[in-house]
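In what follows, a structure is listed as structure tokens, so that the remarks can point back to it.
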Amino acid sequence: MTVRLTINGAERRVESPPDTPLLYVLRDEVGLNGAKYGCGLGQCGACTVQLDGRPVFSCLLPVGALEGRQVRTVEGLGTAASPSILQRAFEEEQAAQCGYCIAGMIMRAQALLDRVPDPDEAAIRAHMQANLCRCGTHMRILRAVRRAATAMRSTVSRGTAP
Ligand code: FES
Ligand code: FES
């Protein structure tokens, strides 16, 4: 089956069987390996990407249901040489230990910051709750999200937002 969808701003045609999880399509057909396979059951968040701006578990989404939808992965935010504000905040807070959960954490957090530029602590915690870090760096991850929110606000107030 051919499915047309937009991935990180570029239109793509993918040819996987319709019940193939989006995660497998991204990793095996499109070559985007940021999102990870953790549980395959919607319980860990390692596979989180954005679908039309909302964080989703890509391990649960059959690609056949995604015709015309917009997918954004961690590769669409920035690169190692030119990280996004949020990616830089994760680095600065040393939020990664093994790193396996981090792409999913970043994509979930970015969805919040795109919608709510000034989230309070309770909003950040509630939003991030669906994603687990087996290394236990949750406090650093929360600090990174707060740091990024502060940096984004000051970028906007200086009129230098991307
Ligand atoms: S791999 Fe998708 S939620 Fe765990
Ligand atoms: S840094 Fe290892 S699972 Fe989160």
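The way I read the labels, and the way they are meant: chains A, B, ... in the order of the structure tokens, residue 1 as the first residue of every chain, and ligand 1 as the first ligand shown, with later ones counted on from there.
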
Give the residue list for ligand 2 at 12 Å, counting only C-alpha atoms and all ligand atoms, as a PyMOL selection string, sorted by chain and then by residue number. chain A and resi 36-38+44-47+90-91+94-106+131-141

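Taking segment 32-148 of chain A and asking which residues DSSP calls strand (DSSP E or B) on the backbone, you get A:Thr48, A:Val49, A:Gln50, A:Leu51, A:Arg54, A:Pro55, A:Val56, A:Phe57, A:Pro62, A:Gln70, A:Val71, A:Arg72.
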
With only C-alpha atoms as the counted atoms, please give the residues lying no more than 8 Å from Ile7 of chain A, apart from itself and same-chain residues fewer than 4 positions off, as a PyMOL selection string. chain A and resi 11-12+70-73

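Every protein or nucleic acid residue with an atom no more than 8 Å from Met107 of chain A, counting only C-alpha atoms and leaving out same-chain residues fewer than 4 positions away, appears here: Thr48, Val49, Gln50, Pro55, Thr73, Val74, Ala103 and Ala111 of chain A.
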
Ranking A:Ala35, A:Leu86, A:Leu142, A:Val30 by minimum distance to ligand 1 and counting only C-alpha atoms and all ligand atoms, which one comes first? A:Ala35

Those in segment 111-146 of chain A with helix (DSSP H, G or I) from DSSP, as a PyMOL selection string: chain A and resi 111-115+121-128+138-146

Show me, as a VMD selection string, the residues that have an atom within 12 Å of Arg115 of chain A when counting only C-alpha atoms, minus same-chain residues fewer than 4 positions from it. chain A and resid 53 to 55 108 to 111 119 123 to 124 127 149
